[in-house]
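Visitor: Hey, dropping run.pdb in here, PDB, C-alpha atoms:
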MODEL        1
ATOM      1  CA  MET A  16      21.320  16.686  28.386
ATOM      2  CA  GLU A  17      24.580  17.602  30.105
ATOM      3  CA  ARG A  18      25.659  13.963  29.909
ATOM      4  CA  PHE A  19      25.334  14.100  26.132
ATOM      5  CA  PRO A  20      26.751  17.418  24.859
ATOM      6  CA  TRP A  21      26.495  16.150  21.281
ATOM      7  CA  VAL A  22      22.684  16.077  21.481
ATOM      8  CA  GLU A  23      22.209  19.822  21.046
ATOM      9  CA  VAL A  24      24.899  19.939  18.338
ATOM     10  CA  PHE A  25      23.036  17.195  16.474
ATOM     11  CA  ARG A  26      19.778  19.125  16.787
ATOM     12  CA  GLY A  27      21.487  22.266  15.540
ATOM     13  CA  LEU A  28      22.760  20.477  12.438
ATOM     14  CA  ALA A  29      19.386  18.823  11.848
ATOM     15  CA  ILE A  30      17.353  22.021  12.152
ATOM     16  CA  LEU A  31      19.680  23.742   9.674
ATOM     17  CA  GLU A  32      18.930  20.886   7.274
ATOM     18  CA  VAL A  33      15.178  21.299   7.838
ATOM     19  CA  VAL A  34      15.198  25.026   7.101
ATOM     20  CA  LEU A  35      17.424  24.585   4.044
ATOM     21  CA  HIS A  36      15.082  21.887   2.754
ATOM     22  CA  HIS A  37      12.025  24.110   3.109
ATOM     23  CA  VAL A  38      13.671  27.260   1.741
ATOM     24  CA  THR A  39      14.894  25.416  -1.363
ATOM     25  CA  GLY A  40      11.372  24.013  -1.752
ATOM     26  CA  ARG A  41       9.920  27.518  -1.657
ATOM     27  CA  PHE A  42      12.200  28.733  -4.475
ATOM     28  CA  LEU A  43      11.770  25.527  -6.450
ATOM     29  CA  ARG A  44       8.173  26.535  -7.160
ATOM     30  CA  GLU A  45       9.439  29.637  -8.963
ATOM     31  CA  LEU A  46      11.478  27.785 -11.574
ATOM     32  CA  SER A  47      10.634  26.000 -14.803
ATOM     33  CA  PRO A  48      10.643  22.211 -14.123
ATOM     34  CA  GLU A  49      12.941  21.434 -17.037
ATOM     35  CA  SER A  50      15.496  24.203 -16.551
ATOM     36  CA  PRO A  51      19.071  23.521 -15.357
ATOM     37  CA  ALA A  52      18.444  25.771 -12.328
ATOM     38  CA  TRP A  53      15.389  23.676 -11.410
ATOM     39  CA  PHE A  54      17.337  20.407 -11.574
ATOM     40  CA  LEU A  55      20.147  21.850  -9.437
ATOM     41  CA  LEU A  56      17.782  23.220  -6.808
ATOM     42  CA  ALA A  57      15.575  20.111  -6.876
ATOM     43  CA  ALA A  58      18.604  17.862  -6.361
ATOM     44  CA  THR A  59      19.678  20.032  -3.422
ATOM     45  CA  ASN A  60      16.161  19.958  -1.975
ATOM     46  CA  ARG A  61      15.846  16.173  -2.182
ATOM     47  CA  THR A  62      19.355  15.666  -0.787
ATOM     48  CA  PHE A  63      18.321  17.740   2.256
ATOM     49  CA  HIS A  64      15.488  15.330   2.985
ATOM     50  CA  PHE A  65      16.622  13.241   5.921
ATOM     51  CA  ALA A  66      15.717  15.325   8.986
ATOM     52  CA  VAL A  67      12.738  13.285  10.210
ATOM     53  CA  PRO A  68      14.658   9.957  10.340
ATOM     54  CA  ALA A  69      17.584  11.830  11.905
ATOM     55  CA  PHE A  70      15.467  13.390  14.656
ATOM     56  CA  LEU A  71      13.753  10.048  15.288
ATOM     57  CA  LEU A  72      17.108   8.262  15.578
ATOM     58  CA  LEU A  73      18.272  10.862  18.103
ATOM     59  CA  THR A  74      15.019  10.710  20.069
ATOM     60  CA  THR A  75      15.156   6.916  20.188
ATOM     61  CA  LEU A  76      18.788   6.964  21.286
ATOM     62  CA  VAL A  77      18.321   9.535  24.054
ATOM     63  CA  LEU A  78      14.973   8.262  25.353
ATOM     64  CA  GLY A  79      16.090   4.645  25.047
ATOM     65  CA  ALA A  80      19.183   5.360  27.130
ATOM     66  CA  GLY A  81      16.976   7.135  29.675
ATOM     67  CA  LEU A  82      14.574   4.185  29.851
ATOM     68  CA  LEU A  83      17.490   1.871  30.590
ATOM     69  CA  ARG A  84      18.648   4.110  33.461
ATOM     70  CA  GLU A  85      15.212   4.510  35.020
ATOM     71  CA  PHE A  86      11.682   3.911  33.846
ATOM     72  CA  ARG A  87       8.581   5.127  35.635
ATOM     73  CA  LEU A  88       5.655   5.063  33.257
ATOM     74  CA  GLY A  89       3.680   7.902  34.869
ATOM     75  CA  ARG A  90       6.629  10.265  34.970
ATOM     76  CA  TYR A  91       7.662   9.307  31.435
ATOM     77  CA  LEU A  92       4.205   9.976  29.979
ATOM     78  CA  GLN A  93       3.800  13.214  31.942
ATOM     79  CA  ASN A  94       7.124  14.510  30.658
ATOM     80  CA  ARG A  95       6.352  13.620  27.035
ATOM     81  CA  ALA A  96       2.851  15.122  27.294
ATOM     82  CA  LEU A  97       4.344  18.453  28.376
ATOM     83  CA  ARG A  98       7.175  18.432  25.865
ATOM     84  CA  LEU A  99       5.293  17.008  22.860
ATOM     85  CA  LEU A 100       1.541  16.597  23.180
ATOM     86  CA  TRP A 101       0.816  20.093  24.457
ATOM     87  CA  PRO A 102       2.946  21.926  21.820
ATOM     88  CA  TYR A 103       1.482  19.692  19.117
ATOM     89  CA  LEU A 104      -2.116  20.510  20.037
ATOM     90  CA  LEU A 105      -1.421  24.202  20.612
ATOM     91  CA  TRP A 106       0.433  24.733  17.351
ATOM     92  CA  SER A 107      -1.979  22.590  15.368
ATOM     93  CA  GLY A 108      -4.720  24.958  16.523
ATOM     94  CA  PHE A 109      -2.581  27.959  15.648
ATOM     95  CA  TYR A 110      -1.805  26.709  12.148
ATOM     96  CA  LEU A 111      -5.411  25.743  11.473
ATOM     97  CA  ALA A 112      -6.355  29.337  12.288
ATOM     98  CA  PHE A 113      -3.468  30.612  10.153
ATOM     99  CA  ARG A 114      -4.570  28.477   7.203
ATOM    100  CA  TYR A 115      -8.066  29.889   7.514
ATOM    101  CA  TRP A 116      -6.632  33.428   7.483
ATOM    102  CA  ASP A 117      -4.311  32.586   4.594
ATOM    103  CA  TYR A 118      -6.596  30.496   2.363
ATOM    104  CA  GLY A 119     -10.065  30.935   3.863
ATOM    105  CA  VAL A 120     -10.402  27.160   4.354
ATOM    106  CA  PHE A 121     -11.443  25.382   7.541
ATOM    107  CA  GLN A 122     -13.010  21.913   7.394
ATOM    108  CA  THR A 123     -14.520  21.083  10.778
ATOM    109  CA  GLU A 124     -15.367  17.541   9.700
ATOM    110  CA  ARG A 125     -11.666  16.851   9.005
ATOM    111  CA  LEU A 126     -10.374  18.185  12.334
ATOM    112  CA  PHE A 127      -9.857  14.803  14.000
ATOM    113  CA  HIS A 128      -8.254  13.415  10.824
ATOM    114  CA  GLN A 129      -5.873  16.381  10.662
ATOM    115  CA  LEU A 130      -4.871  16.045  14.314
ATOM    116  CA  LEU A 131      -4.444  12.275  14.077
ATOM    117  CA  TRP A 132      -2.084  12.446  11.100
ATOM    118  CA  GLY A 133      -0.358  15.788  11.732
ATOM    119  CA  LYS A 134      -2.013  17.551   8.801
ATOM    120  CA  ALA A 135      -2.955  20.869  10.411
ATOM    121  CA  TYR A 136       0.062  22.228   8.501
ATOM    122  CA  PHE A 137       2.605  20.539   6.285
ATOM    123  CA  HIS A 138       5.403  20.222   8.862
ATOM    124  CA  LEU A 139       3.419  19.143  11.936
ATOM    125  CA  TYR A 140       3.332  15.474  10.930
ATOM    126  CA  PHE A 141       6.735  15.095  12.576
ATOM    127  CA  LEU A 142       5.292  15.874  16.004
ATOM    128  CA  ALA A 143       2.517  13.343  15.391
ATOM    129  CA  VAL A 144       5.166  10.740  14.549
ATOM    130  CA  ALA A 145       7.215  11.725  17.618
ATOM    131  CA  LEU A 146       4.133  11.238  19.804
ATOM    132  CA  GLN A 147       3.629   7.771  18.333
ATOM    133  CA  LEU A 148       7.281   7.024  19.068
ATOM    134  CA  THR A 149       6.733   8.077  22.690
ATOM    135  CA  LEU A 150       4.066   5.390  23.059
ATOM    136  CA  LEU A 151       6.068   2.791  21.145
ATOM    137  CA  LEU A 152       9.443   3.024  22.904
ATOM    138  CA  PRO A 153       8.494   1.489  26.285
ATOM    139  CA  LEU A 154       7.425  -1.656  24.401
ATOM    140  CA  PHE A 155      11.050  -2.095  23.318
ATOM    141  CA  LEU A 156      12.444  -1.836  26.856
ATOM    142  CA  PRO A 157      12.752  -5.655  27.296
ATOM    143  CA  LEU A 158      14.733  -5.757  24.038
ATOM    144  CA  LEU A 159      17.025  -2.962  25.229
ATOM    145  CA  ARG A 160      17.637  -4.711  28.527
ATOM    146  CA  ARG A 161      18.496  -8.022  26.854
ATOM    147  CA  ARG A 162      21.021  -6.291  24.538
ATOM    148  CA  PRO A 163      20.833  -8.955  21.801
ATOM    149  CA  HIS A 164      23.421  -9.223  19.045
ATOM    150  CA  GLY A 165      23.284  -6.538  16.383
ATOM    151  CA  ALA A 166      22.085  -9.098  13.830
ATOM    152  CA  TRP A 167      18.769  -9.318  15.695
ATOM    153  CA  PHE A 168      18.322  -5.569  15.418
ATOM    154  CA  LEU A 169      19.073  -5.799  11.691
ATOM    155  CA  LEU A 170      16.498  -8.579  11.233
ATOM    156  CA  LEU A 171      13.951  -6.599  13.242
ATOM    157  CA  GLY A 172      14.524  -3.469  11.169
ATOM    158  CA  VAL A 173      14.421  -5.181   7.772
ATOM    159  CA  GLY A 174      11.496  -7.435   8.716
ATOM    160  CA  LEU A 175       9.284  -4.680  10.124
ATOM    161  CA  THR A 176      10.108  -2.319   7.275
ATOM    162  CA  LEU A 177       9.386  -4.776   4.478
ATOM    163  CA  GLY A 178       6.352  -6.220   6.244
ATOM    164  CA  LEU A 179       4.776  -2.801   6.700
ATOM    165  CA  TYR A 180       5.575  -1.722   3.148
ATOM    166  CA  PHE A 181       3.991  -4.763   1.484
ATOM    167  CA  LEU A 182       1.001  -4.829   3.842
ATOM    168  CA  ASN A 183       0.286  -1.192   3.052
ATOM    169  CA  ARG A 184       0.876  -1.750  -0.655
ATOM    170  CA  HIS A 185      -1.672  -4.562  -0.637
ATOM    171  CA  TYR A 186      -4.287  -3.206   1.783
ATOM    172  CA  ARG A 187      -3.677   0.593   1.621
ATOM    173  CA  PHE A 188      -4.458   1.051   5.315
ATOM    174  CA  LEU A 189      -2.121   4.041   5.785
ATOM    175  CA  PRO A 190      -3.524   7.215   4.190
ATOM    176  CA  TYR A 191      -0.224   8.996   4.936
ATOM    177  CA  PRO A 192       2.656   6.519   5.404
ATOM    178  CA  GLY A 193       5.038   9.350   6.315
ATOM    179  CA  SER A 194       2.831  10.190   9.302
ATOM    180  CA  PHE A 195       3.138   6.681  10.757
ATOM    181  CA  VAL A 196       6.029   5.952  13.098
ATOM    182  CA  LEU A 197       6.886   2.488  11.769
ATOM    183  CA  TRP A 198       7.503   3.962   8.323
ATOM    184  CA  TYR A 199      10.809   5.078   9.865
ATOM    185  CA  THR A 200      11.667   1.688  11.355
ATOM    186  CA  PRO A 201      15.273   1.580  10.026
ATOM    187  CA  ALA A 202      16.254   4.807  11.821
ATOM    188  CA  ILE A 203      14.343   3.837  14.979
ATOM    189  CA  VAL A 204      15.885   0.362  15.182
ATOM    190  CA  LEU A 205      19.340   1.860  14.647
ATOM    191  CA  GLY A 206      18.599   4.246  17.525
ATOM    192  CA  LEU A 207      17.551   1.293  19.707
ATOM    193  CA  TYR A 208      20.765  -0.534  18.880
ATOM    194  CA  LEU A 209      22.909   2.486  19.745
ATOM    195  CA  ALA A 210      20.944   3.080  22.975
ATOM    196  CA  SER A 211      21.599  -0.517  24.041
ATOM    197  CA  ARG A 212      25.339   0.042  23.551
ATOM    198  CA  LEU A 213      25.690   3.632  24.676
ATOM    199  CA  GLU A 214      29.015   2.990  26.388
ATOM    200  CA  ARG A 215      30.426   1.855  23.026
ATOM    201  CA  LEU A 216      29.021   4.792  21.038
ATOM    202  CA  PRO A 217      32.391   6.484  20.314
ATOM    203  CA  ARG A 218      33.725   3.213  18.884
ATOM    204  CA  LEU A 219      30.582   2.533  16.886
ATOM    205  CA  LEU A 220      30.723   5.996  15.350
ATOM    206  CA  ARG A 221      34.080   5.116  13.837
ATOM    207  CA  LEU A 222      32.035   3.150  11.321
ATOM    208  CA  TRP A 223      31.159   6.448   9.626
ATOM    209  CA  PRO A 224      33.068   5.514   6.401
ATOM    210  CA  LEU A 225      30.698   2.550   5.982
ATOM    211  CA  ALA A 226      27.734   4.851   6.633
ATOM    212  CA  LEU A 227      29.100   7.298   4.064
ATOM    213  CA  PHE A 228      29.352   4.532   1.472
ATOM    214  CA  LEU A 229      25.765   3.448   2.196
ATOM    215  CA  ALA A 230      24.535   7.054   2.041
ATOM    216  CA  VAL A 231      26.187   7.581  -1.355
ATOM    217  CA  LEU A 232      24.731   4.292  -2.598
ATOM    218  CA  GLY A 233      21.300   5.248  -1.290
ATOM    219  CA  LEU A 234      21.460   8.721  -2.820
ATOM    220  CA  TRP A 235      22.586   7.239  -6.145
ATOM    221  CA  GLY A 236      19.400   5.198  -6.303
ATOM    222  CA  TYR A 237      17.050   7.615  -4.580
ATOM    223  CA  LEU A 238      17.835  10.986  -6.190
ATOM    224  CA  PRO A 239      16.861  10.195  -9.830
ATOM    225  CA  LEU A 240      13.586   8.675  -8.616
ATOM    226  CA  ALA A 241      12.911  11.634  -6.328
ATOM    227  CA  LEU A 242      13.396  14.054  -9.226
ATOM    228  CA  ASP A 243      10.949  12.000 -11.297
ATOM    229  CA  VAL A 244       8.422  12.188  -8.462
ATOM    230  CA  LEU A 245       8.789  15.972  -8.362
ATOM    231  CA  ARG A 246       8.143  16.031 -12.120
ATOM    232  CA  ARG A 247       5.048  13.808 -11.573
ATOM    233  CA  LEU A 248       6.523  10.892 -13.522
ATOM    234  CA  PRO A 249       5.734   7.274 -12.558
ATOM    235  CA  VAL A 250       8.374   5.486 -10.469
ATOM    236  CA  ASN A 251       8.823   2.069  -8.891
ATOM    237  CA  THR A 252       7.668   2.839  -5.331
ATOM    238  CA  PHE A 253       9.565  -0.064  -3.780
ATOM    239  CA  HIS A 254      12.853   1.055  -5.317
ATOM    240  CA  TYR A 255      12.110   4.632  -4.260
ATOM    241  CA  GLN A 256      11.388   3.660  -0.646
ATOM    242  CA  ALA A 257      14.245   1.164  -0.347
ATOM    243  CA  PHE A 258      16.840   3.660  -1.524
ATOM    244  CA  HIS A 259      15.248   6.410   0.575
ATOM    245  CA  TRP A 260      15.385   4.276   3.746
ATOM    246  CA  LEU A 261      19.013   3.401   3.032
ATOM    247  CA  TYR A 262      20.018   7.004   2.335
ATOM    248  CA  THR A 263      18.186   8.678   5.212
ATOM    249  CA  THR A 264      19.213   6.124   7.844
ATOM    250  CA  ALA A 265      22.855   6.301   6.797
ATOM    251  CA  MET A 266      22.693  10.119   6.812
ATOM    252  CA  ALA A 267      21.196  10.086  10.316
ATOM    253  CA  PHE A 268      24.168   8.023  11.500
ATOM    254  CA  LEU A 269      26.593  10.351   9.712
ATOM    255  CA  LEU A 270      24.951  13.370  11.334
ATOM    256  CA  LEU A 271      25.428  11.737  14.729
ATOM    257  CA  ALA A 272      29.087  11.054  13.997
ATOM    258  CA  LEU A 273      29.552  14.651  12.806
ATOM    259  CA  ALA A 274      27.864  16.055  15.920
ATOM    260  CA  PHE A 275      30.062  13.872  18.106
ATOM    261  CA  ALA A 276      33.176  15.214  16.353
ATOM    262  CA  LEU A 277      32.074  18.883  16.390
ATOM    263  CA  VAL A 278      31.629  18.865  20.174
ATOM    264  CA  ARG A 279      35.397  19.350  20.416
ATOM    265  CA  THR A 280      35.465  22.333  18.027
ATOM    266  CA  PRO A 281      34.435  26.013  18.282
ATOM    267  CA  LEU A 282      31.385  25.219  16.133
ATOM    268  CA  ARG A 283      29.846  23.521  19.150
ATOM    269  CA  VAL A 284      28.645  26.843  20.606
ATOM    270  CA  PRO A 285      26.541  28.182  17.680
ATOM    271  CA  LEU A 286      25.251  24.731  16.736
ATOM    272  CA  ALA A 287      24.258  23.921  20.313
ATOM    273  CA  PHE A 288      22.520  27.311  20.517
ATOM    274  CA  LEU A 289      20.474  26.437  17.433
ATOM    275  CA  GLY A 290      19.834  22.976  18.825
ATOM    276  CA  ARG A 291      18.541  24.381  22.107
ATOM    277  CA  TYR A 292      15.831  26.185  20.163
ATOM    278  CA  SER A 293      15.355  23.590  17.420
ATOM    279  CA  LEU A 294      11.704  22.928  18.287
ATOM    280  CA  GLN A 295      10.887  26.634  18.267
ATOM    281  CA  ILE A 296      12.596  27.077  14.893
ATOM    282  CA  TYR A 297      10.828  24.001  13.572
ATOM    283  CA  LEU A 298       7.413  25.228  14.641
ATOM    284  CA  LEU A 299       7.817  28.840  13.514
ATOM    285  CA  HIS A 300       9.906  28.859  10.347
ATOM    286  CA  PRO A 301       7.055  27.746   7.990
ATOM    287  CA  LEU A 302       5.042  30.719   9.232
ATOM    288  CA  VAL A 303       7.922  33.065   8.392
ATOM    289  CA  LEU A 304       8.386  31.534   4.944
ATOM    290  CA  ARG A 305       4.689  31.736   4.120
ATOM    291  CA  LEU A 306       4.379  35.354   5.243
ATOM    292  CA  LEU A 307       7.388  36.286   3.117
ATOM    293  CA  GLU A 308       5.978  34.347   0.162
ATOM    294  CA  ARG A 309       2.739  36.334   0.314
ATOM    295  CA  TYR A 310       4.763  39.377  -0.718
ATOM    296  CA  PRO A 311       6.536  38.325  -3.934
ATOM    297  CA  GLY A 312       8.271  41.697  -4.257
ATOM    298  CA  PHE A 313      10.282  40.990  -1.110
ATOM    299  CA  PRO A 314      13.213  41.112  -1.199
ATOM    300  CA  GLU A 315      13.186  41.016  -5.023
ATOM    301  CA  PRO A 316      11.011  39.416  -7.727
ATOM    302  CA  LEU A 317      12.891  36.094  -7.679
ATOM    303  CA  GLY A 318      16.660  36.207  -7.540
ATOM    304  CA  LEU A 319      17.991  32.998  -6.030
ATOM    305  CA  LYS A 320      21.053  34.805  -4.685
ATOM    306  CA  PRO A 321      20.258  37.517  -2.145
ATOM    307  CA  ALA A 322      16.618  36.436  -1.872
ATOM    308  CA  PHE A 323      17.596  32.916  -0.844
ATOM    309  CA  ALA A 324      19.984  34.232   1.824
ATOM    310  CA  VAL A 325      17.353  36.651   3.153
ATOM    311  CA  TYR A 326      14.724  33.927   3.401
ATOM    312  CA  LEU A 327      17.159  31.538   5.081
ATOM    313  CA  GLY A 328      18.369  34.166   7.537
ATOM    314  CA  LEU A 329      14.888  35.330   8.513
ATOM    315  CA  ALA A 330      13.577  31.755   8.801
ATOM    316  CA  LEU A 331      16.246  31.141  11.437
ATOM    317  CA  LEU A 332      16.573  34.518  13.149
ATOM    318  CA  LEU A 333      12.923  35.471  13.625
ATOM    319  CA  PRO A 334      11.987  32.202  15.399
ATOM    320  CA  LEU A 335      15.141  32.485  17.502
ATOM    321  CA  LEU A 336      14.272  36.051  18.472
ATOM    322  CA  LEU A 337      10.729  35.136  19.449
ATOM    323  CA  ALA A 338      11.928  32.076  21.350
ATOM    324  CA  ARG A 339      14.396  34.180  23.347
ATOM    325  CA  LEU A 340      11.761  36.796  24.116
ATOM    326  CA  LEU A 341       9.287  34.186  25.323
ATOM    327  CA  ALA A 342      11.986  32.485  27.396
ATOM    328  CA  ARG A 343      12.815  35.796  29.101
ATOM    329  CA  ALA A 344       9.120  36.399  29.708
ATOM    330  CA  ARG A 345       9.007  32.917  31.301
ATOM    331  CA  VAL A 346       6.175  31.702  29.100
ATOM    332  CA  SER A 347       8.256  29.452  26.844
ATOM    333  CA  VAL A 348       7.071  26.273  28.580
ATOM    334  CA  ALA A 349       3.452  27.273  28.065
ATOM    335  CA  VAL A 350       4.042  27.941  24.363
ATOM    336  CA  PHE A 351       6.656  25.364  23.369
ATOM    337  CA  GLY A 352       6.685  22.848  26.211
ATOM    338  CA  ARG A 353      10.275  23.751  27.118
TER
ENDMDL
END
Once more with this new file: its structure as structure tokens, please.
Guide:
Amino acid sequence: MERFPWVEVFRGLAILEVVLHHVTGRFLRELSPESPAWFLLAATNRTFHFAVPAFLLLTTLVLGAGLLREFRLGRYLQNRALRLLWPYLLWSGFYLAFRYWDYGVFQTERLFHQLLWGKAYFHLYFLAVALQLTLLLPLFLPLLRRRPHGAWFLLLGVGLTLGLYFLNRHYRFLPYPGSFVLWYTPAIVLGLYLASRLERLPRLLRLWPLALFLAVLGLWGYLPLALDVLRRLPVNTFHYQAFHWLYTTAMAFLLLALAFALVRTPLRVPLAFLGRYSLQIYLLHPLVLRLLERYPGFPEPLGLKPAFAVYLGLALLLPLLLARLLARARVSVAVFGR
């Protein structure tokens, strides 16, 4: 990743967003759904809801650029199996055991279903989607090599997205759309476009004001619907998804532009440090949050002020500490694939 110093900065920003999203979700359950505090925290929680498209855009961009430089299928699959498949299987097993300890529930007959769709624990679906992306990306290599006009990428993104949405709406063949890679087609196609024009990336990122406008427009349409969904009110699912795709894809681009800019600032060091351990934080922070939640008296009965900061700090620091210890013990690859 030395060629792309902004990669780790991007991951650092994205993992902060993930942890903030999950910590706000934990405290949201403590509040009355119609209270002003609930609406404020719910709006914050839904606004911090773009990490999966962001990580997929980055993965597509980096892997796509790598495929253009050199592609050897065996080496590619071996590398992704070590870095993704092994951690996914290992941590799925861990979280299935943890769920049994926590809730006393283990459904053997659903094991394959849970592994297929990333449902061993609520956050593991992202690794299932990333594995699907690993298999999908080589199919786009001819497209990357041809470097067609950006309009073709736009048509591909819009066509695939709408086609999948209406097919699933009619036939209901996806039990969990969010666990299927093509549900994130807009972010993936944007990543393909940027990978095909990597040498022009600094110039393309100057389009961030347009991305900001699109993100604001997307959030304007998405946020009220997302709050209704949280309150279990009926919503127009097409409007919800369309605004969500617009918002999250634009935010992924903005995050990339921000990471690119922060590389030249002192913030690069702490953000890159977080980014280096982003997978470890991602895998471990739900465990920390759940263990803390089992003890409602810690650090105080509710208190969104110091309690929120304590939860956020521990959700970041404890995974980082364990990751560093395992790295020094030289077992990090066996546990996290890196």
Visitor: Residues at most 8 Å from Ser211 (chain A), counting all atoms listed in the file, excluding those fewer than 4 positions away in the same chain, as a PyMOL selection string?
Guide: chain A and resi 79-80+159-160+162+207
Visitor: Write out, as a short mmCIF file (atom, residue, chain, number, x, y, z; two decimals), in the frame of the given file, the residues just selected, with C-alpha atoms.
Guide:
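out_16.cif, written as the output of this step:
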data_model
loop_
_atom_site.label_atom_id
_atom_site.label_comp_id
_atom_site.auth_asym_id
_atom_site.auth_seq_id
_atom_site.Cartn_x
_atom_site.Cartn_y
_atom_site.Cartn_z
CA GLY A 79 16.09 4.64 25.05
CA ALA A 80 19.18 5.36 27.13
CA LEU A 159 17.02 -2.96 25.23
CA ARG A 160 17.64 -4.71 28.53
CA ARG A 162 21.02 -6.29 24.54
CA LEU A 207 17.55 1.29 19.71
#
Visitor: If the PyMOL selection byres ((chain A and resi 130) around 12) is run on the structure shown, which residues does it catch, given as an NGL selection string?
Guide: :A and (100 or 103-108 or 110-111 or 123-129 or 131-137 or 139-144 or 146 or 194)
Visitor: Could you check which of A:Leu232, A:His36, A:Thr200, A:Pro192 is closest to Gly174 (chain A), using all atoms listed in the file?
Guide: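 Among the listed residues, the smallest separation from Gly174 (chain A) belongs to A:Thr200.
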Visitor: Given the choices A:Val173, A:Ala276, A:Val303, A:Leu82, which gets closest to Ala257 (chain A) if the distance is worked out from all atoms listed in the file?
Guide: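 Among the listed residues, the smallest separation from Ala257 (chain A) belongs to A:Val173.
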Visitor: Let me know the residues the PyMOL selection byres ((chain A and resi 251-253) around 10) catches in the file above, as a PyMOL selection string.
Guide: chain A and resi 177+180-181+184+240+244+249-250+254-259
Visitor: Could you work out how far CA of Ser50 (chain A) lies from CA of His64 (chain A), giving the answer in Å with one decimal?
Guide: 21.5 Å
